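Working notes, structure below.
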Amino acid sequence: MDTKVKSACETCAHFNADGLKKLGISTENVDFVIALAGNPNTGKSTVFNSLTGLRQHTGNWPGKTVTRAEGGFEYNKQKFKLVDLPGTYSLLSTSEDEAAARDFILFGKPDVTVIVADANRLERNLNLVLQILEITDKAVLCLNLMDEAKRNHIMIDERTLARDLGIPVVPTSARFGQGIPELIHTISEIANGNIVCKPHRIKNVPSNIENAVKTLSSEIEKEFPNVPNSRWIAFRLLEGDTRIINALKSGELV
Amino acid sequence: MNYNPTYALVLFFIIAGILYVVFRPTKGWFWIIKNNFRSNEKVVIEDVLKQLYHFESSGNKVDTKTLVQVLNFNNNQIIEVVKKMTINDLIYFEKDVLKLTDAGREYALRIVRIHRLWERYLADKTGFSKEEWHDRAEMMEHKLSHDETNSLAAHLGNPKFDPHGDPIPTITGKVAKVNGVELPLLAVNTVGRITHIEDEPEIIYKQILAENIHMGSLIRVIENNATRIVFLSEGEEFRLAPIVAANLTVAPIEKEVFIEDNIARLSSLKEEETAKIIGISKESRGESRRRLLDLGFVKGANIKIDLTNPLGDPNAYLIKGTSIALRKDQAAKILIKKD
Amino acid sequence: MSNKNIDHILELSNELRWQIGDDFHDNLTEGIYADAAQIVSDTVQVDDSKKRFRLDRQIDKIVTSKTFGFPIMFLILATVLWLTIIGANYPSSLLAQLLLDNIHPALKSFAASISMPWWLDGFLIDGVYLAVAWVIAVMLPPMAIFFPMFTLLEDFGYLPRVAFNLDNLFRKSGAHGKQALTMTMGFGCNAAGIVATRIIDSPRERLIAIITNNFSLCNGRWPTQILIATIFIGAVAPSAFSSLISLLAVIGIAVLGMAFMFGTSWALSKTVLKGQVSTFNLELPPYRPPRFWKTIYTSLIDRTLIVLWRAIVFAAPAGAVIWLISNIYIGNESVAAWTIHSLDGFGFLLGLNGVILLAYIVAIPANEIVIPTILMLTVLVTGIDGGAGAGVMFELDSANATADVLKAGGWTLLTAINLMLFSLLHNPCSTTIYTIYKETKSAKWTAFASIMPVILGFIVTFLVAQIWRIIF
Ligand SMILES: Nc1nc2c(ncn2[C@@H]2O[C@H](COP(=O)(O)OP(=O)(O)OP(=O)(O)O)[C@@H](O)[C@H]2O)c(=O)[nH]1
Ligand SMILES: [Mg+2]
């Protein structure tokens with residue numbers, strides 16, 4: 001498998017600004033569906049607005065977006081539908097407020113998942129990032145709020161981060177439009193299969209759980225050879241998540 | 001008709017008073033009358049079975065007289081029902097002592113299963129206070145069908161224990177064992193973990209709740225005599241009368257475990273102090289426990305107070321670079337070691 | 001796929017779950033965080049040597065301090081309202097002049113020139129047009145001031161601090177601290193506030209937040225409060241203080257609304273929605289300097305115009321209804337007059353009158369049109385000439401003229417106070433009711449949330465009226 005990951009610096013030279021067209025709310029006949037996921041208040045809606053030209057409400061408090069919003073943009077003649085999701089701390093819970101985002105990431109089958117993270121609080125944001133990487137291998141990390149990180153004297157080695165996570169990392173300051181062109185380009189590259197990710201898998205799991213997960217996921221793979229994230233399903237079954245159990249029964253997961 | 005504001009006001013208060021007397025919560029006449037229609041035969045049978053089961057598992061023997069005393073029904077009704085139950089082969093007499101047949105025991109286990117599952121449900125998924133769990137489960141145990149019970153169990157992830165630490169019988173009637181002995185039996189300096197808190201009788205249970213003692217916490221006995229039992233847990237000292245302490249079951253820990261002396265609850269953290277999180281008490285369950293973990297309250301994380309509240313509660317804690325506000329009762333369930 | 005194999009997987013997972021025990025979730029989360037910590041230590045460097053003075057913390061210390069926390073909250077609320085009241089005055093009368101004094105007669109004469117039938121002319125121009133014009137004149141200016149200011153506060157990051165400060169009160173009333181956020185959203189629009197309750201993760205507390213959101217005075221009700229406070233309550237004070245007194249009266253009603261919100265939450269959580277608060281956690285984000293002009297621009301374009309559009313959409317048919325009921329006759333009385341007379345007795349008991357009650361029935365679709373409806377109906381029953389014919393909605397140019405009409409309709413200070421109370425405590429508008437239904441998916445709770453406030457309103461106004469009459 002090709003595991004080469006291009007960093008933002010390499011890709012920006014190819015970026016073709018003329019190829020971008022904001023489509024607002026028109027999302028018909030799209031080629032790709034892109035999900036915007038991330039912790040609350042990391043700037044997802046701001047990224048969404050700068051990509052689609054729409055004016056989703058943003059606000060400086062966690063939980064501003066509560067329903068999912070859709071918009072579109074066109075890049076190099078391909079149409080993308082972008083889905084702005086409410087913020088989530090985790091996909092491991094079953095709480096009501098996070099259901100909308102959780103379900104879309106899991107069952108909406110987005111072609112690319114853009115994970116918007118707050119560069120100032122990378123550690124707690126990685127909790128969600130690592131979970132999403134168990135689910136999908138087509139993802140890009142949008143390291144937002146870089147302007148604030150700079151002000152707080154936080155320096156992030158994006159290349160190493162991209163290598164550790166196994167997905168492209170694009171630093172942005174969405175509020176000021178910085179890094180958005182690179183983000184669009186990276187999204188398009190992943191969607192078209194030009195960048196192949198090899199996402200990080202959660203390592204520090206106690207051995208008894210790891211063994212249980214292995215046993216269960218190999219059973220799942222036997223039954224559903226095409227399911228890309230048997231390990232995640234195993235995690236959820238061990239937790240007894242009824243939503244996943246039902247999805248498994250109805251065949252929603254494959 | 002003559003209008004006079006004083007009369008209008010008086011009339012209003014009379015009507016309001018009547019409505020209050022009829023509909024006030026739990027003691028209103030309307031509710032009392034409604035409840036009286038409820039205690040039918042099925043309820044009595046099931047309560048008899050459950051009582052017999054509890055007596056049996058605690059090794060006590062019961063005759064009809066004691067049964068009549070402990071159950072809250074009309075005496076004649078109980079005697080009627082007991083007669084009927086012997087005919088239906090749910091119970092039998094050995095001399096004077098009442099015993100469960102196999103079928104009766106199976107039935108009793110089913111009721112116990114529903115009761116404990118429902119308490120688990122109330123604890124994990126709803127906001128009802130601990131004082132209410134028991135009474136609500138008492139009502140529910142007569143209502144849920146077999147299938148409903150099983151899907152409830154599945155929904156809860158087939159839990160092994162109820163929130164008091166009592167084992168929940170499985171579908172096949174298997175009952176796990178509770179480890180440990182009653183607290184008054186422990187010698188001074190024994191270290192152990194609370195594995196069960198008995199919720200009957202209510203008066204004692206309420207005292208335990210008022211003390212804020214948590215299931216699953218580690219304790220160390222520091223004084224044990226006929227008048228009181230004193231133990232340390234989570235950085236706080238608790239003093240209980242022996243009769244209250246007897247309702248706590250503690251599993252002594254044999255190995256020389258290292259019980260840290262400066263373990264404390266997050267709620268006791270003061271401004272300017274820093275600490276490390278040791279874990280979350282078992283008392284925090286279900287969704288709220290998960291949320292705390294997701295927010296970064298995990299073992300080993302550094303924590304300190306970021307902001308104190310003008311009204312005293314909640315405080316905001318700085319954890320993993322973010323300020324997160326938690327109420328005191330939640331903070332009391334996070335265990336820390338002060339630096 | 002055979003179900004048998006899936007059952008086998010599920011059985012296996014149940015079996016394994018028992019083996020690995022209760023701590024699965026804890027262990028997994030700790031594992032993920034351990035991974036995260038490793039990655040972060042590889043990639044992130046914080047230059048501690050340059051740690052600056054943390055402005056954030058200093059602000060936080062002040063806005064959440066024991067001495068200043070609550071006064072600052074109150075002051076901010078007062079400032080926003082004061083700027084809204086003062087700032088909206090001038091553009092409001094300008095718009096009223098333009099739309100009502102200039103364009104309306106022009107439209108009338110245009111209709112006459114193409115000899116439009118009288119009923120169509122009345123229906124369209126005196127009904128629909130006037131309702132819309134009134135809504136624009138009265139609502140646009142305050143909204144255009146209120147929303148941007150609110151958005152600036154929101155973007156700055158102040159709202160979570162309000163929730164933080166108030167949480168203890170919410171806890172004591174058995175509710176969730178984030179209800180403070182949905183409550184403030186409700187100051188703009190109750191329907192928006194109700195959608196925002198999705199941030200509350202436990203169903204019971206969310207339901208409480210939905211039911212009590214109506215106690216936040218919404219956009220459609222601020223103008224009513226402001227107008228009545230100005231012409232009746234401000235007028236009894238010495239003129240130097242009159243604007244201060246009317247501002248205090250409006251703030252008083254808003255604060256009373258909060259008191260009702262806490263009280264109702266408490267009563268609900270003690271009775272039908274029994275239970276303890278399950279969890280509360282709130283992330284306090286860093287302050288961010290709002291982008292002033294951009295915020296002003298987007299909140300004007302989006303919020304203001306969208307809300308205004310909604311008001312117009314509802315005001316138009318309501319205007320038509322008003323015109324119809326006052327021009328359709330049963331015997332020798334119009335439907336409106338007949339209804340008013342039958343409601344008068346009940347209205348009197350509440351210290352209100354039939355006109356006000358009918359206006360609130362007509363205004364169920366949009367609270368914004370309560371005042372013009374009241375004016376129009378008052379003219380209809382008193383027969384005084386306010387400048388237009390039967391069933392014509394209008395806004396009198398000066399507050400004095402409005403006061404004269406209302407006084408001629410038998411209004412006293414008591415009527416004014418009770419109208420302000422009733423405007424706070426009555427059923428939510430139709431959009432809000434629909435939103436409640438969508439969010440709760442329960443007809444029972446929707447009905448409860450719609451009827452409970454009216455009953456409260458009846459009780460409160462009744463009590464105030466009787467006591468008032470006993471004392472004075
Ligand atoms: N300084 C700075 N602020 C930003 C940036 N991106 C977003 N913001 C601000 O961060 C706040 C949150 O942005 P949103 O886009 O609403 O965040 P969100 O992720 O959609 O939040 P939820 O919908 O609550 O999950 C807003 O006040 C934005 O103006 C950025 O790159 N730099
Ligand atoms: Mg958003």
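In the structure tokens, the first chain shown is A, the next is B, and so on; residue numbers restart at 1 for each chain, and ligands run from 1 in the order shown.
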(request) Taking only C-alpha atoms and all ligand atoms into account, report as JSON, numbers by chain which residues have an atom no farther than 6 Å from an atom of ligand 1. (result) {"A": [40, 41, 42, 43, 44, 45, 46, 58, 59, 60, 61, 62, 63, 64, 65, 86, 87, 144, 145, 147, 148, 173, 174, 175], "C": [155]}
Dump as a CSV table (one decimal), in the first residue's frame, selection limited to C-alpha atoms:
```
chain,number,residue,atom,x,y,z
A,40,PRO,CA,-17.2,21.4,19.7
A,41,ASN,CA,-16.1,25.0,19.1
A,42,THR,CA,-13.1,24.1,16.9
A,43,GLY,CA,-14.3,26.1,13.9
A,44,LYS,CA,-16.1,23.5,11.8
A,45,SER,CA,-18.9,25.9,10.8
A,46,THR,CA,-16.3,28.5,10.0
A,58,THR,CA,-20.9,30.4,14.3
A,59,GLY,CA,-20.4,31.4,17.9
A,60,ASN,CA,-17.8,31.2,20.5
A,61,TRP,CA,-19.3,28.5,22.7
A,62,PRO,CA,-19.4,24.7,22.4
A,63,GLY,CA,-22.7,23.5,21.0
A,64,LYS,CA,-23.6,26.3,18.6
A,65,THR,CA,-24.4,24.0,15.8
A,86,PRO,CA,-22.6,19.3,15.5
A,87,GLY,CA,-19.4,19.0,17.6
A,144,ASN,CA,-7.5,25.0,12.9
A,145,LEU,CA,-7.0,28.1,15.1
A,147,ASP,CA,-3.3,32.0,14.7
A,148,GLU,CA,-4.2,31.4,18.4
A,173,SER,CA,-6.9,29.7,10.4
A,174,ALA,CA,-10.4,29.4,9.0
A,175,ARG,CA,-11.6,32.7,10.3
C,155,ASP,CA,-18.6,35.7,19.6
```
Kindly determine which residues of chain C lie within 9 Å of chain B, considering only C-alpha atoms, and give the answer as a CSV table (one decimal) with N, CA and C atoms, in the first residue's frame.
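Writing done, so here's part14.csv:
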```
chain,number,residue,atom,x,y,z
C,14,ASN,N,-21.4,-10.8,23.9
C,14,ASN,CA,-21.9,-10.9,25.2
C,14,ASN,C,-21.0,-11.6,26.2
C,17,ARG,N,-17.8,-9.7,26.8
C,17,ARG,CA,-18.1,-8.6,27.7
C,17,ARG,C,-18.0,-9.0,29.1
C,18,TRP,N,-18.6,-10.1,29.4
C,18,TRP,CA,-18.6,-10.6,30.8
C,18,TRP,C,-17.1,-10.9,31.2
C,22,ASP,N,-16.3,-4.7,33.8
C,22,ASP,CA,-17.0,-3.4,33.8
C,22,ASP,C,-16.1,-2.3,33.3
C,25,HIS,N,-14.9,0.5,29.2
C,25,HIS,CA,-14.9,1.8,28.6
C,25,HIS,C,-13.7,2.7,29.2
C,26,ASP,N,-13.5,2.5,30.5
C,26,ASP,CA,-12.4,3.3,31.2
C,26,ASP,C,-11.1,2.9,30.5
C,29,THR,N,-10.8,4.3,26.9
C,29,THR,CA,-10.6,5.8,26.8
C,29,THR,C,-9.2,6.1,27.3
C,30,GLU,N,-8.8,5.5,28.4
C,30,GLU,CA,-7.4,5.7,28.9
C,30,GLU,C,-6.4,5.3,27.9
C,33,TYR,N,-6.3,8.1,25.2
C,33,TYR,CA,-5.6,9.3,25.7
C,33,TYR,C,-4.1,9.0,25.8
C,57,ARG,N,-7.6,35.0,31.6
C,57,ARG,CA,-7.8,34.6,33.0
C,57,ARG,C,-8.3,35.8,33.8
C,60,ASP,N,-11.8,36.5,33.2
C,60,ASP,CA,-12.7,35.5,33.8
C,60,ASP,C,-12.8,35.7,35.3
C,61,LYS,N,-11.6,36.1,35.9
C,61,LYS,CA,-11.6,36.3,37.3
C,61,LYS,C,-12.7,37.4,37.7
C,64,THR,N,-16.6,36.3,36.8
C,64,THR,CA,-17.1,35.3,37.6
C,64,THR,C,-16.8,35.5,39.1
C,65,SER,N,-16.5,36.7,39.5
C,65,SER,CA,-16.1,37.0,40.9
C,65,SER,C,-17.4,37.2,41.7
C,66,LYS,N,-17.2,37.0,43.0
C,66,LYS,CA,-18.4,37.0,43.9
C,66,LYS,C,-19.0,38.4,43.9
C,67,THR,N,-18.1,39.4,43.9
C,67,THR,CA,-18.6,40.8,43.9
C,67,THR,C,-19.1,41.3,42.6
C,68,PHE,N,-18.4,41.0,41.5
C,68,PHE,CA,-18.8,41.7,40.2
C,68,PHE,C,-19.6,40.8,39.3
C,69,GLY,N,-19.5,39.4,39.5
C,69,GLY,CA,-20.1,38.5,38.6
C,69,GLY,C,-21.6,38.9,38.2
C,70,PHE,N,-22.4,39.0,39.2
C,70,PHE,CA,-23.8,39.2,39.0
C,70,PHE,C,-24.1,40.7,38.5
C,164,PHE,N,-22.2,29.5,33.5
C,164,PHE,CA,-21.4,29.1,34.7
C,164,PHE,C,-21.8,29.8,35.9
C,165,ASN,N,-22.1,31.1,35.8
C,165,ASN,CA,-22.5,31.9,37.0
C,165,ASN,C,-23.9,31.4,37.5
C,166,LEU,N,-24.7,31.1,36.6
C,166,LEU,CA,-26.1,30.9,37.0
C,166,LEU,C,-26.4,29.4,37.4
C,167,ASP,N,-25.4,28.5,37.1
C,167,ASP,CA,-25.7,27.1,37.2
C,167,ASP,C,-26.3,26.7,38.5
C,168,ASN,N,-25.8,27.3,39.6
C,168,ASN,CA,-26.2,26.9,40.9
C,168,ASN,C,-27.7,27.1,41.1
C,169,LEU,N,-28.2,28.2,40.5
C,169,LEU,CA,-29.7,28.4,40.6
C,169,LEU,C,-30.4,27.3,39.8
C,171,ARG,N,-29.3,24.3,39.2
C,171,ARG,CA,-29.2,23.1,39.9
C,171,ARG,C,-30.3,23.0,41.0
C,202,SER,N,-29.4,15.3,28.7
C,202,SER,CA,-30.3,14.4,29.4
C,202,SER,C,-31.8,14.8,29.1
C,203,PRO,N,-32.6,13.8,28.7
C,203,PRO,CA,-33.9,14.1,28.2
C,203,PRO,C,-34.8,14.9,29.1
C,204,ARG,N,-34.7,14.6,30.4
C,204,ARG,CA,-35.6,15.2,31.4
C,204,ARG,C,-35.3,16.7,31.5
C,270,LYS,N,-40.1,18.8,40.6
C,270,LYS,CA,-40.6,18.2,41.8
C,270,LYS,C,-41.8,17.3,41.6
C,271,THR,N,-42.5,17.5,40.4
C,271,THR,CA,-43.7,16.8,40.2
C,271,THR,C,-43.7,15.9,38.9
C,272,VAL,N,-44.1,16.4,37.8
C,272,VAL,CA,-44.3,15.5,36.6
C,272,VAL,C,-42.9,15.1,36.1
C,274,LYS,N,-40.0,14.5,37.7
C,274,LYS,CA,-39.3,14.2,38.9
C,274,LYS,C,-37.9,13.7,38.5
C,275,GLY,N,-37.0,14.0,39.3
C,275,GLY,CA,-35.6,13.5,39.1
C,275,GLY,C,-34.6,14.5,39.5
C,276,GLN,N,-33.3,13.9,39.6
C,276,GLN,CA,-32.2,14.8,39.9
C,276,GLN,C,-31.5,15.1,38.7
C,277,VAL,N,-30.8,16.2,38.7
C,277,VAL,CA,-30.0,16.5,37.5
C,277,VAL,C,-28.9,15.5,37.4
C,278,SER,N,-28.8,14.9,36.2
C,278,SER,CA,-27.9,13.8,36.0
C,278,SER,C,-26.5,14.3,35.9
C,279,THR,N,-26.2,15.1,34.9
C,279,THR,CA,-24.8,15.6,34.7
C,279,THR,C,-24.8,17.0,34.3
C,280,PHE,N,-23.7,17.7,34.5
C,280,PHE,CA,-23.5,19.0,34.0
C,280,PHE,C,-22.1,19.1,33.7
C,281,ASN,N,-21.7,19.5,32.5
C,281,ASN,CA,-20.3,19.8,32.2
C,281,ASN,C,-20.4,20.9,31.2
C,282,LEU,N,-19.5,21.8,31.3
C,282,LEU,CA,-19.5,22.9,30.4
C,282,LEU,C,-18.1,23.4,30.1
C,283,GLU,N,-17.8,23.4,28.9
C,283,GLU,CA,-16.4,23.8,28.5
C,283,GLU,C,-16.5,25.4,28.4
C,284,LEU,N,-15.5,26.0,29.0
C,284,LEU,CA,-15.4,27.5,28.9
C,284,LEU,C,-14.4,27.8,27.9
C,285,PRO,N,-14.8,28.3,26.7
C,285,PRO,CA,-13.8,28.5,25.7
C,285,PRO,C,-13.0,29.8,26.0
C,286,PRO,N,-11.9,30.0,25.3
C,286,PRO,CA,-11.1,31.2,25.5
C,286,PRO,C,-11.9,32.4,24.9
C,349,LEU,N,-62.0,40.7,34.9
C,349,LEU,CA,-61.6,39.9,36.1
C,349,LEU,C,-60.0,39.9,36.1
C,462,PHE,N,-54.9,37.9,37.3
C,462,PHE,CA,-56.0,37.9,38.2
C,462,PHE,C,-55.6,38.4,39.6
C,463,LEU,N,-54.6,37.8,40.1
C,463,LEU,CA,-54.2,38.2,41.4
C,463,LEU,C,-53.8,39.7,41.5
C,465,ALA,N,-54.8,42.0,39.6
C,465,ALA,CA,-55.9,42.9,39.5
C,465,ALA,C,-56.7,43.0,40.8
C,466,GLN,N,-57.0,41.9,41.4
C,466,GLN,CA,-57.8,41.9,42.7
C,466,GLN,C,-57.0,42.7,43.7
C,467,ILE,N,-55.7,42.4,43.9
C,467,ILE,CA,-55.0,43.1,45.0
C,467,ILE,C,-55.0,44.6,44.7
C,468,TRP,N,-54.7,44.9,43.4
C,468,TRP,CA,-54.7,46.3,43.0
C,468,TRP,C,-56.0,47.0,43.4
C,469,ARG,N,-57.1,46.3,43.1
C,469,ARG,CA,-58.4,47.0,43.3
C,469,ARG,C,-58.7,47.1,44.8
C,470,ILE,N,-58.2,46.1,45.6
C,470,ILE,CA,-58.4,46.2,47.0
C,470,ILE,C,-57.7,47.4,47.6
```
(request) Run DSSP on the backbone of this structure and report the residues of segment 27-244 of chain A it assigns to strand (DSSP E or B), as number ranges by chain. (result) A: 32-38, 69-75, 78-84, 112-118, 139-144, 154-156, 169-171, 173, 178
(message) Distance limit 8 Å, atoms considered: only C-alpha atoms. Which chain A residues sit that close to chain C? Return them as number ranges by chain.
(response) A: 41, 55, 58-64, 66, 95-97, 122-124, 126-127, 130, 152-158, 160-161, 164, 202-206, 208-209, 212, 216, 219-220, 223, 234, 237-240, 245, 248-249
Just N, CA and C atoms for this one: save the residues we selected as a compact mmCIF listing (two decimals), in the first residue's frame.
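selection_20.txt, written as the output of this step:
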```txt
# COMPACT_ATOMS: atom_id res chain seq x y z
N ASN A 41 -16.76 23.65 19.09
CA ASN A 41 -16.08 24.95 19.11
C ASN A 41 -14.67 24.95 18.54
N ARG A 55 -23.60 31.00 5.17
CA ARG A 55 -23.41 31.67 6.45
C ARG A 55 -24.04 30.87 7.57
N THR A 58 -22.06 30.78 13.49
CA THR A 58 -20.93 30.38 14.32
C THR A 58 -21.03 31.16 15.61
N GLY A 59 -20.38 30.68 16.63
CA GLY A 59 -20.44 31.38 17.90
C GLY A 59 -19.38 30.80 18.80
N ASN A 60 -18.88 31.64 19.70
CA ASN A 60 -17.79 31.16 20.52
C ASN A 60 -18.29 30.44 21.76
N TRP A 61 -18.97 29.36 21.57
CA TRP A 61 -19.31 28.46 22.68
C TRP A 61 -19.60 27.08 22.12
N PRO A 62 -19.26 26.06 22.90
CA PRO A 62 -19.45 24.70 22.41
C PRO A 62 -20.92 24.36 22.30
N GLY A 63 -21.34 23.90 21.15
CA GLY A 63 -22.73 23.51 20.97
C GLY A 63 -23.54 24.47 20.15
N LYS A 64 -22.86 25.36 19.43
CA LYS A 64 -23.59 26.33 18.60
C LYS A 64 -24.37 25.61 17.50
N VAL A 66 -26.41 22.61 16.19
CA VAL A 66 -27.08 21.43 16.75
C VAL A 66 -27.73 20.56 15.69
N SER A 95 -24.85 9.23 24.13
CA SER A 95 -25.69 10.34 24.56
C SER A 95 -26.42 10.98 23.39
N GLU A 96 -27.61 11.51 23.70
CA GLU A 96 -28.51 12.06 22.70
C GLU A 96 -27.90 13.21 21.91
N ASP A 97 -27.24 14.13 22.62
CA ASP A 97 -26.79 15.35 21.96
C ASP A 97 -25.76 15.08 20.87
N LEU A 122 -4.45 20.06 21.32
CA LEU A 122 -4.34 18.91 20.43
C LEU A 122 -4.64 17.60 21.17
N GLU A 123 -4.14 17.49 22.40
CA GLU A 123 -4.25 16.20 23.08
C GLU A 123 -5.71 15.78 23.24
N ARG A 124 -6.55 16.70 23.73
CA ARG A 124 -7.94 16.29 23.93
C ARG A 124 -8.66 16.13 22.61
N LEU A 126 -7.27 14.88 19.97
CA LEU A 126 -6.84 13.60 19.38
C LEU A 126 -7.72 12.44 19.85
N ASN A 127 -8.33 12.57 21.03
CA ASN A 127 -9.25 11.54 21.50
C ASN A 127 -10.28 11.20 20.42
N LEU A 130 -8.49 9.95 16.92
CA LEU A 130 -8.08 8.55 16.90
C LEU A 130 -9.28 7.62 16.76
N ASN A 152 -0.15 31.69 21.47
CA ASN A 152 0.13 30.98 22.72
C ASN A 152 1.49 30.30 22.70
N HIS A 153 2.28 30.56 21.67
CA HIS A 153 3.61 29.97 21.53
C HIS A 153 3.56 28.45 21.53
N ILE A 154 2.61 27.92 20.80
CA ILE A 154 2.53 26.46 20.65
C ILE A 154 3.01 26.12 19.25
N MET A 155 4.02 25.26 19.17
CA MET A 155 4.52 24.89 17.85
C MET A 155 4.22 23.43 17.58
N ILE A 156 3.69 23.17 16.40
CA ILE A 156 3.32 21.79 16.08
C ILE A 156 4.09 21.34 14.84
N ASP A 157 4.71 20.21 14.97
CA ASP A 157 5.46 19.65 13.85
C ASP A 157 4.48 18.86 12.99
N GLU A 158 3.99 19.52 11.94
CA GLU A 158 2.89 18.91 11.18
C GLU A 158 3.31 17.64 10.44
N THR A 160 5.57 15.37 11.32
CA THR A 160 5.59 14.23 12.24
C THR A 160 4.17 13.82 12.62
N LEU A 161 3.33 14.82 12.84
CA LEU A 161 1.94 14.53 13.20
C LEU A 161 1.27 13.74 12.09
N ASP A 164 2.60 10.24 12.19
CA ASP A 164 2.06 9.47 13.32
C ASP A 164 0.61 9.07 13.11
N ILE A 202 -5.48 2.50 17.45
CA ILE A 202 -5.26 2.69 18.89
C ILE A 202 -4.39 1.57 19.46
N LYS A 203 -3.31 1.97 20.12
CA LYS A 203 -2.33 0.96 20.55
C LYS A 203 -2.40 0.63 22.03
N ASN A 204 -2.53 1.63 22.86
CA ASN A 204 -2.38 1.42 24.30
C ASN A 204 -3.61 0.78 24.95
N VAL A 205 -4.06 -0.35 24.38
CA VAL A 205 -5.23 -1.01 24.95
C VAL A 205 -4.75 -2.18 25.79
N PRO A 206 -5.30 -2.39 26.99
CA PRO A 206 -4.87 -3.52 27.82
C PRO A 206 -5.03 -4.83 27.06
N ASN A 208 -6.09 -7.82 27.70
CA ASN A 208 -7.31 -8.65 27.72
C ASN A 208 -8.36 -8.08 26.75
N ILE A 209 -8.39 -6.74 26.67
CA ILE A 209 -9.33 -6.13 25.73
C ILE A 209 -8.86 -6.36 24.30
N ALA A 212 -9.80 -9.78 23.21
CA ALA A 212 -11.24 -9.91 22.95
C ALA A 212 -11.59 -9.25 21.63
N LEU A 216 -13.20 -11.09 18.31
CA LEU A 216 -14.50 -10.66 17.81
C LEU A 216 -14.37 -10.10 16.40
N GLU A 219 -14.16 -12.73 13.77
CA GLU A 219 -15.49 -13.31 13.51
C GLU A 219 -16.31 -12.39 12.61
N ILE A 220 -16.23 -11.10 12.89
CA ILE A 220 -17.01 -10.14 12.10
C ILE A 220 -16.53 -10.16 10.65
N GLU A 223 -17.83 -12.98 8.67
CA GLU A 223 -19.22 -12.81 8.26
C GLU A 223 -19.38 -11.71 7.22
N ALA A 234 -16.20 -4.17 16.72
CA ALA A 234 -15.92 -5.02 17.88
C ALA A 234 -15.91 -4.20 19.16
N LEU A 237 -19.50 -3.48 20.02
CA LEU A 237 -20.26 -4.64 20.49
C LEU A 237 -19.87 -4.97 21.93
N LEU A 238 -18.59 -4.81 22.22
CA LEU A 238 -18.16 -5.10 23.59
C LEU A 238 -18.78 -4.11 24.57
N GLU A 239 -19.05 -2.93 24.08
CA GLU A 239 -19.68 -1.92 24.92
C GLU A 239 -21.19 -2.18 25.02
N GLY A 240 -21.71 -2.98 24.07
CA GLY A 240 -23.15 -3.26 24.07
C GLY A 240 -23.98 -2.15 23.46
N ILE A 245 -25.65 -2.79 17.21
CA ILE A 245 -26.20 -4.14 17.11
C ILE A 245 -27.33 -4.17 16.08
N LEU A 248 -26.01 -3.79 12.61
CA LEU A 248 -25.41 -5.03 12.15
C LEU A 248 -26.50 -5.97 11.65
N LYS A 249 -27.59 -6.04 12.40
CA LYS A 249 -28.69 -6.92 12.02
C LYS A 249 -29.32 -6.49 10.71
```
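Atom pair atom CA of Gly173 of chain B / atom CA of Leu98 of chain B has a distance of 21.1 Å (rounded to one decimal).
Between chain B and the residues A:Val227, A:Ile115, A:Met146, A:Leu92, the shortest atom-to-atom distance, using only C-alpha atoms, involves A:Leu92.
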(request) If you run DSSP over the backbone, which residues in segment 176-290 of chain B end up helix (DSSP H, G or I)? Put them as a PyMOL selection string. (result) chain B and resi 183-185+202-211+242-245+266-268+286-290
Export C-alpha atoms of the chosen residues as a CSV table (one decimal), in the first residue's frame?
```
chain,number,residue,atom,x,y,z
B,183,LEU,CA,-18.1,-3.9,57.9
B,184,PRO,CA,-18.3,-4.4,61.7
B,185,LEU,CA,-16.6,-7.8,61.3
B,202,GLU,CA,-34.9,2.8,54.4
B,203,ILE,CA,-34.0,4.8,57.5
B,204,ILE,CA,-30.5,3.3,57.6
B,205,TYR,CA,-30.0,3.5,53.9
B,206,LYS,CA,-30.8,7.2,54.0
B,207,GLN,CA,-28.2,7.7,56.7
B,208,ILE,CA,-25.6,6.0,54.6
B,209,LEU,CA,-26.6,8.2,51.6
B,210,ALA,CA,-26.4,11.3,53.7
B,211,GLU,CA,-22.8,10.3,54.6
B,242,PRO,CA,-22.4,-0.5,64.1
B,243,ILE,CA,-26.0,-1.0,63.2
B,244,VAL,CA,-25.5,1.3,60.2
B,245,ALA,CA,-22.1,-0.1,59.3
B,266,LEU,CA,-11.7,16.5,43.5
B,267,SER,CA,-14.4,18.4,45.4
B,268,SER,CA,-11.9,18.9,48.2
B,286,GLY,CA,-23.3,5.2,32.7
B,287,GLU,CA,-23.5,8.2,30.5
B,288,SER,CA,-22.1,10.7,33.0
B,289,ARG,CA,-19.1,8.5,33.6
B,290,ARG,CA,-18.4,8.2,29.9
```
